[in-house]
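Data block for entry-v8.txt (compact mmCIF, C-alpha atoms and all ligand atoms):
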# COMPACT_ATOMS: atom_id res chain seq x y z
CA MET A 9 7.28 6.56 29.25
CA GLY A 10 3.82 5.73 30.68
CA SER A 11 3.32 3.36 33.59
CA THR A 12 2.45 -0.30 33.09
CA ASP A 13 -1.14 0.57 34.00
CA ASP A 14 -1.83 2.82 31.07
CA LYS A 15 -0.09 0.56 28.56
CA THR A 16 -3.27 -1.29 27.74
CA SER A 17 -5.26 1.87 27.17
CA MET A 18 -2.47 3.18 24.94
CA ALA A 19 -2.18 -0.02 22.90
CA ARG A 20 -2.62 1.05 19.31
CA GLY A 21 -3.12 -0.67 16.02
CA SER A 22 -0.46 -0.90 13.32
CA LEU A 23 -0.37 0.71 9.92
CA ILE A 24 0.77 -2.07 7.61
CA VAL A 25 1.10 -1.21 3.93
CA LEU A 26 1.49 -3.57 0.97
CA GLU A 27 3.32 -2.20 -2.03
CA GLY A 28 4.50 -3.59 -5.34
CA LEU A 29 4.04 -3.43 -9.06
CA ASP A 30 0.65 -4.05 -10.66
CA ARG A 31 -0.09 -7.82 -10.39
CA SER A 32 2.54 -8.41 -7.71
CA GLY A 33 -0.11 -10.05 -5.52
CA LYS A 34 -0.99 -7.26 -3.10
CA SER A 35 -4.76 -7.62 -3.09
CA SER A 36 -4.61 -11.42 -2.73
CA GLN A 37 -2.21 -11.12 0.19
CA CYS A 38 -4.14 -8.31 1.88
CA ALA A 39 -7.22 -10.52 1.94
CA LYS A 40 -5.29 -13.47 3.36
CA LEU A 41 -3.57 -11.38 6.03
CA LEU A 42 -6.87 -9.80 7.01
CA SER A 43 -8.62 -13.12 7.56
CA TYR A 44 -5.62 -14.58 9.40
CA LEU A 45 -5.49 -11.67 11.85
CA GLN A 46 -9.27 -11.60 12.27
CA SER A 47 -9.41 -15.29 13.03
CA ASN A 48 -6.74 -14.74 15.66
CA GLY A 49 -8.90 -12.18 17.42
CA PHE A 50 -7.21 -8.96 16.31
CA SER A 51 -9.16 -5.83 15.54
CA VAL A 52 -8.17 -5.28 11.91
CA GLU A 53 -9.50 -3.67 8.73
CA ALA A 54 -8.40 -3.81 5.10
CA TRP A 55 -8.09 -0.47 3.29
CA ARG A 56 -6.90 0.37 -0.20
CA PHE A 57 -5.69 3.33 -2.17
CA PRO A 58 -6.95 4.65 -4.43
CA ASP A 59 -10.17 4.50 -2.45
CA ARG A 60 -12.45 4.68 -5.48
CA THR A 61 -15.61 5.16 -3.38
CA THR A 62 -15.11 8.87 -2.62
CA GLY A 63 -15.70 11.80 -5.01
CA ILE A 64 -11.95 12.19 -5.49
CA GLY A 65 -11.62 8.42 -5.83
CA GLN A 66 -14.16 8.41 -8.66
CA MET A 67 -12.12 11.00 -10.55
CA ILE A 68 -9.04 8.83 -10.09
CA SER A 69 -10.88 5.72 -11.21
CA SER A 70 -12.12 7.30 -14.41
CA TYR A 71 -8.56 8.51 -15.13
CA LEU A 72 -7.14 5.02 -14.58
CA LEU A 73 -9.77 3.54 -16.88
CA ASN A 74 -8.76 6.05 -19.57
CA GLU A 75 -12.23 7.57 -19.45
CA SER A 76 -10.82 11.00 -18.62
CA GLN A 77 -7.58 12.90 -19.14
CA LEU A 78 -5.80 14.88 -16.46
CA ASP A 79 -2.55 16.79 -16.19
CA ASP A 80 0.17 14.60 -14.57
CA ARG A 81 0.49 16.92 -11.60
CA ALA A 82 -3.26 17.21 -11.15
CA ILE A 83 -3.72 13.43 -10.93
CA HIS A 84 -0.74 13.18 -8.59
CA LEU A 85 -2.38 15.65 -6.21
CA LEU A 86 -5.71 13.81 -6.44
CA PHE A 87 -4.06 10.52 -5.41
CA SER A 88 -2.52 12.36 -2.47
CA ALA A 89 -5.79 14.12 -1.59
CA ASN A 90 -7.47 10.70 -1.59
CA ARG A 91 -5.10 9.70 1.23
CA TRP A 92 -5.53 13.01 3.05
CA GLU A 93 -9.32 12.68 3.06
CA LYS A 94 -8.93 9.41 4.97
CA ARG A 95 -6.17 10.59 7.34
CA ALA A 96 -8.32 11.60 10.32
CA LEU A 97 -10.27 8.34 10.23
CA MET A 98 -7.03 6.41 9.87
CA GLU A 99 -5.59 8.07 12.97
CA ARG A 100 -8.75 7.41 14.99
CA LYS A 101 -8.77 3.73 14.00
CA LEU A 102 -5.09 3.24 14.83
CA LYS A 103 -5.37 5.03 18.17
CA SER A 104 -8.42 2.99 19.13
CA GLY A 105 -6.42 -0.21 18.60
CA THR A 106 -7.44 -1.26 15.10
CA THR A 107 -4.70 -2.47 12.78
CA LEU A 108 -5.03 -1.36 9.16
CA ILE A 109 -3.79 -3.50 6.27
CA VAL A 110 -3.49 -1.03 3.42
CA ASP A 111 -3.23 -2.00 -0.25
CA ARG A 112 -0.94 0.78 -1.68
CA TYR A 113 -0.08 4.11 -0.03
CA SER A 114 2.32 7.04 -0.50
CA TYR A 115 5.08 4.91 -2.05
CA SER A 116 2.75 4.12 -4.96
CA GLY A 117 1.91 7.79 -5.19
CA VAL A 118 5.54 8.82 -5.50
CA ALA A 119 6.86 5.89 -7.58
CA PHE A 120 4.18 6.03 -10.28
CA SER A 121 4.30 9.81 -10.72
CA ALA A 122 8.10 9.95 -10.67
CA ALA A 123 8.13 7.21 -13.32
CA LYS A 124 6.26 9.65 -15.58
CA GLY A 125 9.15 12.06 -15.23
CA LEU A 126 7.90 14.35 -12.47
CA ASP A 127 10.50 15.60 -10.02
CA LEU A 128 10.93 13.18 -7.11
CA GLN A 129 10.98 15.84 -4.38
CA TRP A 130 7.92 17.50 -5.87
CA CYS A 131 6.14 14.14 -5.80
CA LYS A 132 7.02 13.55 -2.16
CA ALA A 133 5.94 16.95 -0.84
CA PRO A 134 2.14 16.44 -0.64
CA GLU A 135 2.65 13.14 1.23
CA GLU A 136 4.37 14.92 4.13
CA GLY A 137 2.22 14.80 7.25
CA LEU A 138 0.33 11.64 6.39
CA ILE A 139 0.73 8.90 8.98
CA ALA A 140 3.93 6.93 8.45
CA PRO A 141 3.49 3.17 7.99
CA ASP A 142 4.85 0.95 10.75
CA LEU A 143 5.64 -1.69 8.16
CA VAL A 144 5.82 -1.71 4.39
CA LEU A 145 5.59 -5.17 2.85
CA TYR A 146 7.02 -4.89 -0.63
CA LEU A 147 6.13 -7.76 -2.94
CA ASP A 148 9.14 -7.97 -5.19
CA ILE A 149 8.54 -9.30 -8.70
CA PRO A 150 10.33 -8.69 -12.01
CA PRO A 151 8.07 -6.54 -14.22
CA GLU A 152 8.15 -9.23 -16.94
CA LYS A 153 6.80 -11.85 -14.55
CA ALA A 154 4.08 -9.54 -13.26
CA ALA A 155 2.98 -8.87 -16.83
CA GLU A 156 2.49 -12.60 -17.40
CA ARG A 157 0.08 -12.95 -14.47
CA GLY A 158 -3.41 -13.03 -15.81
CA GLY A 159 -2.28 -10.45 -18.37
CA TYR A 160 -2.57 -6.74 -17.87
CA GLY A 161 -5.97 -5.21 -18.38
CA THR A 162 -6.64 -1.88 -19.99
CA GLU A 163 -5.84 0.36 -17.05
CA ARG A 164 -3.53 3.24 -17.78
CA TYR A 165 -0.32 2.10 -16.07
CA GLU A 166 -0.48 -1.60 -16.98
CA LYS A 167 2.34 -1.50 -19.51
CA LEU A 168 5.65 -3.29 -19.18
CA GLU A 169 7.97 -0.38 -20.01
CA PHE A 170 6.22 1.86 -17.53
CA GLN A 171 6.24 -0.78 -14.77
CA LYS A 172 10.01 -1.13 -15.21
CA LYS A 173 10.45 2.54 -14.40
CA VAL A 174 8.08 2.26 -11.44
CA ALA A 175 10.20 -0.59 -10.07
CA GLU A 176 13.32 1.61 -10.21
CA TYR A 177 11.61 4.35 -8.22
CA TYR A 178 10.28 1.90 -5.67
CA TYR A 179 13.85 0.73 -5.06
CA ALA A 180 14.99 4.30 -4.59
CA LEU A 181 12.25 4.85 -1.99
CA ARG A 182 13.08 1.91 0.28
CA ASP A 183 13.52 2.87 3.95
CA SER A 184 13.81 1.22 7.35
CA SER A 185 10.08 0.45 7.50
CA TRP A 186 10.40 -1.86 4.47
CA GLU A 187 10.54 -5.61 4.31
CA VAL A 188 11.10 -6.91 0.80
CA VAL A 189 9.41 -10.26 0.19
CA ASP A 190 9.95 -12.31 -2.95
CA GLY A 191 6.58 -12.06 -4.70
CA CYS A 192 7.48 -14.89 -7.09
CA LEU A 193 7.31 -17.50 -4.36
CA LYS A 194 4.22 -19.66 -4.05
CA MET A 195 1.25 -17.75 -2.72
CA GLU A 196 1.15 -19.77 0.52
CA VAL A 197 4.86 -19.14 1.16
CA VAL A 198 4.44 -15.41 0.67
CA GLU A 199 1.41 -15.55 2.95
CA GLU A 200 3.41 -17.22 5.73
CA LYS A 201 6.21 -14.65 5.52
CA LEU A 202 3.79 -11.75 5.64
CA ARG A 203 2.01 -13.21 8.68
CA GLU A 204 5.24 -13.37 10.64
CA LEU A 205 6.35 -9.86 9.71
CA ALA A 206 2.90 -8.44 10.46
CA MET A 207 2.69 -10.16 13.85
CA ASN A 208 6.08 -8.76 14.91
CA CYS A 209 4.98 -5.31 13.89
CA ILE A 210 1.65 -5.51 15.71
CA LEU A 211 3.36 -6.58 18.93
CA LYS A 212 5.86 -3.71 18.74
CA CYS A 213 3.06 -1.21 18.25
CA GLN A 214 1.07 -2.68 21.12
CA ASN A 215 4.15 -2.32 23.30
CA GLY A 216 4.36 1.40 22.77
CA LYS A 217 6.12 2.10 19.47
CA PRO A 218 4.91 5.65 18.78
CA LEU A 219 2.71 6.70 15.89
CA VAL A 220 4.51 9.23 13.67
CA ASN A 221 3.74 11.43 10.68
N1 LIG B 301 -1.47 4.46 -8.27
C1 LIG B 301 -1.95 4.12 -7.04
C2 LIG B 301 -0.85 5.70 -8.48
O1 LIG B 301 -0.41 6.02 -9.58
N2 LIG B 301 -0.72 6.56 -7.42
C3 LIG B 301 -1.19 6.27 -6.16
O2 LIG B 301 -1.06 7.09 -5.24
C4 LIG B 301 -1.84 4.99 -5.97
C5 LIG B 301 -2.38 4.64 -4.62
C6 LIG B 301 -4.38 1.29 -9.39
C7 LIG B 301 -3.27 1.98 -10.10
O3 LIG B 301 -3.05 3.26 -9.52
C8 LIG B 301 -1.67 3.54 -9.41
C9 LIG B 301 -1.05 2.19 -9.26
C10 LIG B 301 -1.93 1.27 -10.10
O4 LIG B 301 -1.45 1.24 -11.43
P1 LIG B 301 -4.79 -0.85 -7.98
O5 LIG B 301 -6.25 -0.61 -8.11
O6 LIG B 301 -4.28 -1.20 -6.65
O7 LIG B 301 -3.96 0.45 -8.40
O8 LIG B 301 -4.39 -1.93 -9.10
P2 LIG B 301 -3.23 -3.00 -9.14
O9 LIG B 301 -2.14 -2.77 -8.21
O10 LIG B 301 -2.88 -3.09 -10.59
O11 LIG B 301 -3.93 -4.25 -8.62
P3 LIG B 301 -3.83 -5.62 -9.24
O12 LIG B 301 -5.10 -6.21 -8.79
O13 LIG B 301 -3.55 -5.62 -10.65
O14 LIG B 301 -2.53 -6.26 -8.59
P4 LIG B 301 -2.26 -6.93 -7.19
O15 LIG B 301 -3.29 -6.56 -6.21
O16 LIG B 301 -0.86 -6.64 -6.84
O17 LIG B 301 -2.30 -8.47 -7.52
P5 LIG B 301 -3.44 -9.58 -7.24
O18 LIG B 301 -3.38 -10.01 -5.85
O19 LIG B 301 -4.72 -9.10 -7.79
O20 LIG B 301 -2.84 -10.74 -8.13
C11 LIG B 301 -2.72 -10.63 -9.53
C12 LIG B 301 -2.76 -12.02 -10.19
O21 LIG B 301 -1.60 -12.77 -9.82
C13 LIG B 301 -1.95 -13.97 -9.15
C14 LIG B 301 -3.37 -13.74 -8.64
O22 LIG B 301 -4.08 -14.94 -8.50
C15 LIG B 301 -3.96 -12.86 -9.73
O23 LIG B 301 -4.38 -13.62 -10.81
N3 LIG B 301 -0.96 -14.16 -8.08
C16 LIG B 301 0.01 -15.11 -8.08
N4 LIG B 301 0.34 -16.05 -8.98
C17 LIG B 301 1.41 -16.85 -8.68
N5 LIG B 301 2.14 -16.73 -7.51
C18 LIG B 301 1.83 -15.80 -6.59
N6 LIG B 301 2.58 -15.69 -5.48
C19 LIG B 301 0.73 -14.93 -6.87
N7 LIG B 301 0.18 -13.89 -6.19
C20 LIG B 301 -0.84 -13.44 -6.94
NA NA B 302 -4.84 -4.85 -6.46
Can the structure from this file be put into structure tokens for me?
Amino acid sequence: MGSTDDKTSMARGSLIVLEGLDRSGKSSQCAKLLSYLQSNGFSVEAWRFPDRTTGIGQMISSYLLNESQLDDRAIHLLFSANRWEKRALMERKLKSGTTLIVDRYSYSGVAFSAAKGLDLQWCKAPEEGLIAPDLVLYLDIPPEKAAERGGYGTERYEKLEFQKKVAEYYYALRDSSWEVVDGCLKMEVVEEKLRELAMNCILKCQNGKPLVN
């Protein structure tokens, strides 16, 4: 569409999401990807969901820590609301050229709630209209292996049987934005694969791939 001249002004950042079971390595890899991109001069920020710093995020955190009880649908909507409250800022950052590396997003929202037995379409509905990721990096790991890593803590969903169901829903949610990376490989190998996939994505976005809901 636009002329070569306005390409630079339109260059936008990428929305890159990491997904996977609990203990699949998302947070470790987000940190590594962030510092790699920063040291290569990119404007980049690391985000995470749930964002436990907001009022809604604090309700979610206390639920995850088993300090409060909530109806399954109520907590589902809070997780979604936690993404909605950051949507406008997310759009501004992306449009101003900042790439966001996001630790969990809508796929977590849908997979974890569906694994509890909630209707899949019902789970997806509140996510409609959030910004669509340009790239989803799924760290694939058998639930049994994830459970061995440092052991699960006491958070609500850190149970093997539940994680197995979550994995099934994640597989059902895969779409064209996904790249599945073997999360059982050595950390440095995973890191290298993610760098390459992220760089490709960032270049495509800079070259005019549109931002969509
Ligand atoms: N949730 C979340 C919902 O139900 N709905 C939603 O909408 C959202 C957004 C909190 C919970 O909330 C649920 C999902 C979660 O159950 P969280 O705070 O992100 O989500 O918590 P976790 O995903 O559980 O975060 P973890 O810290 O447990 O897992 P990570 O980030 O995937 O793993 P990481 O990087 O901390 O690594 C775990 C361990 O494995 C080692 C690391 O050193 C570490 O000890 N490790 C490796 N070991 C060997 N080889 C590798 N390649 C390794 N990579 C990492
Ligand atoms: Na994490």
Quick one: contact table of stretch 69-126 of chain A to stretch 161-173 of chain A, 10 Å max, nearest atom pair and distance in Å to one decimal per residue, counting only C-alpha atoms, chain and number order, as a tab-separated table?
residue	atom	partner	partner_atom	distance
A:Ser69	CA	A:Glu163	CA	9.4
A:Ser70	CA	A:Glu163	CA	9.7
A:Tyr71	CA	A:Arg164	CA	7.8
A:Leu72	CA	A:Arg164	CA	5.1
A:Leu73	CA	A:Glu163	CA	5.1
A:Asn74	CA	A:Arg164	CA	6.2
A:Glu75	CA	A:Arg164	CA	9.9
A:Ala119	CA	A:Lys173	CA	8.4
A:Phe120	CA	A:Lys173	CA	8.3
A:Ala122	CA	A:Lys173	CA	8.6
A:Ala123	CA	A:Lys173	CA	5.3
A:Lys124	CA	A:Phe170	CA	8.0
A:Gly125	CA	A:Lys173	CA	9.6
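Each of A:Pro58, A:Gly49, A:Gly137, A:Gly21 was compared to ligand NA 302 (chain B) using only C-alpha atoms and all ligand atoms, and A:Pro58 turns out to be the nearest.
Of the residues listed (A:Gln77, A:Val110, A:Glu196, A:Pro151), A:Pro151 shows the shortest atom-to-atom separation from A:Val174; distances use only C-alpha atoms.
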At a cut-off of 7 Å and counting all atoms listed in the file, what residues surround ligand LIG 301 (chain B)? Please answer as a PyMOL selection string.
chain A and resi 28-37+57-58+72+84+87-88+111-114+116-118+120-121+157-158+164-166+191-195+198
Could you state the separation of atom CA of A:Asn208 and atom CA of A:Leu45 in Å, given to one decimal place?
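For atom CA of A:Asn208 relative to atom CA of A:Leu45, the distance reads 12.3 Å.
Between atom CA of A:Lys217 and atom CA of A:Ala140 there is a distance of 12.2 Å.
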Separation of atom CA of A:Lys132 and atom CA of A:Tyr177, in Å?
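Those two atoms sit 11.9 Å apart.
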Nearest to ligand NA 302 (chain B) among A:Ile139, A:Ala96, A:Leu26, A:Val189, with distances taken over all atoms listed in the file: which residue is it?
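Smallest separation from ligand NA 302 (chain B) among the options: A:Leu26.
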All residues 8 Å or closer to stretch 185-187 of chain A, all atoms listed in the file, same chain fewer than 6 positions away omitted, as an MDAnalysis selection string
chainID A and resid 141:146
Counting only C-alpha atoms and all ligand atoms, the option among A:Phe50, A:Tyr115, A:Trp55, A:Trp130 closest to ligand NA 302 (chain B):
A:Trp55
Set the distance at 9 Å and use all atoms listed in the file: which residues neighbour A:Thr62 once local chain neighbours fewer than 3 positions away are removed? I'd like the list as number ranges by chain.
A: 59, 65-67, 90, 93
Would you be able to write out as a list of chain:residue names which residues have an atom within 8 Å of (-7.7, -5.1, 7.1) in the file's coordinates, counting all atoms listed in the file?
A:Cys38, A:Ala39, A:Leu41, A:Leu42, A:Val52, A:Glu53, A:Ala54, A:Trp55, A:Thr107, A:Leu108, A:Ile109, A:Val110
Which of these, A:Arg20, A:Lys40, A:Arg56, A:Arg182, has the shortest distance to ligand NA 302 (chain B) once you count all atoms listed in the file?
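Checking each candidate against ligand NA 302 (chain B), we get A:Arg56 as the closest.
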Residues around (2.9, -4.0, 18.3), cut-off 12 Å, counting all atoms listed in the file - what are they as a VMD selection string?
chain A and resid 15 to 16 18 to 24 50 102 105 to 107 142 to 143 205 to 219
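Residue nearest ligand NA 302 (chain B) within the list A:Asp79, A:Asp183, A:Glu27, A:Glu156: A:Glu27 [criterion: smallest interatomic distance, all atoms listed in the file].
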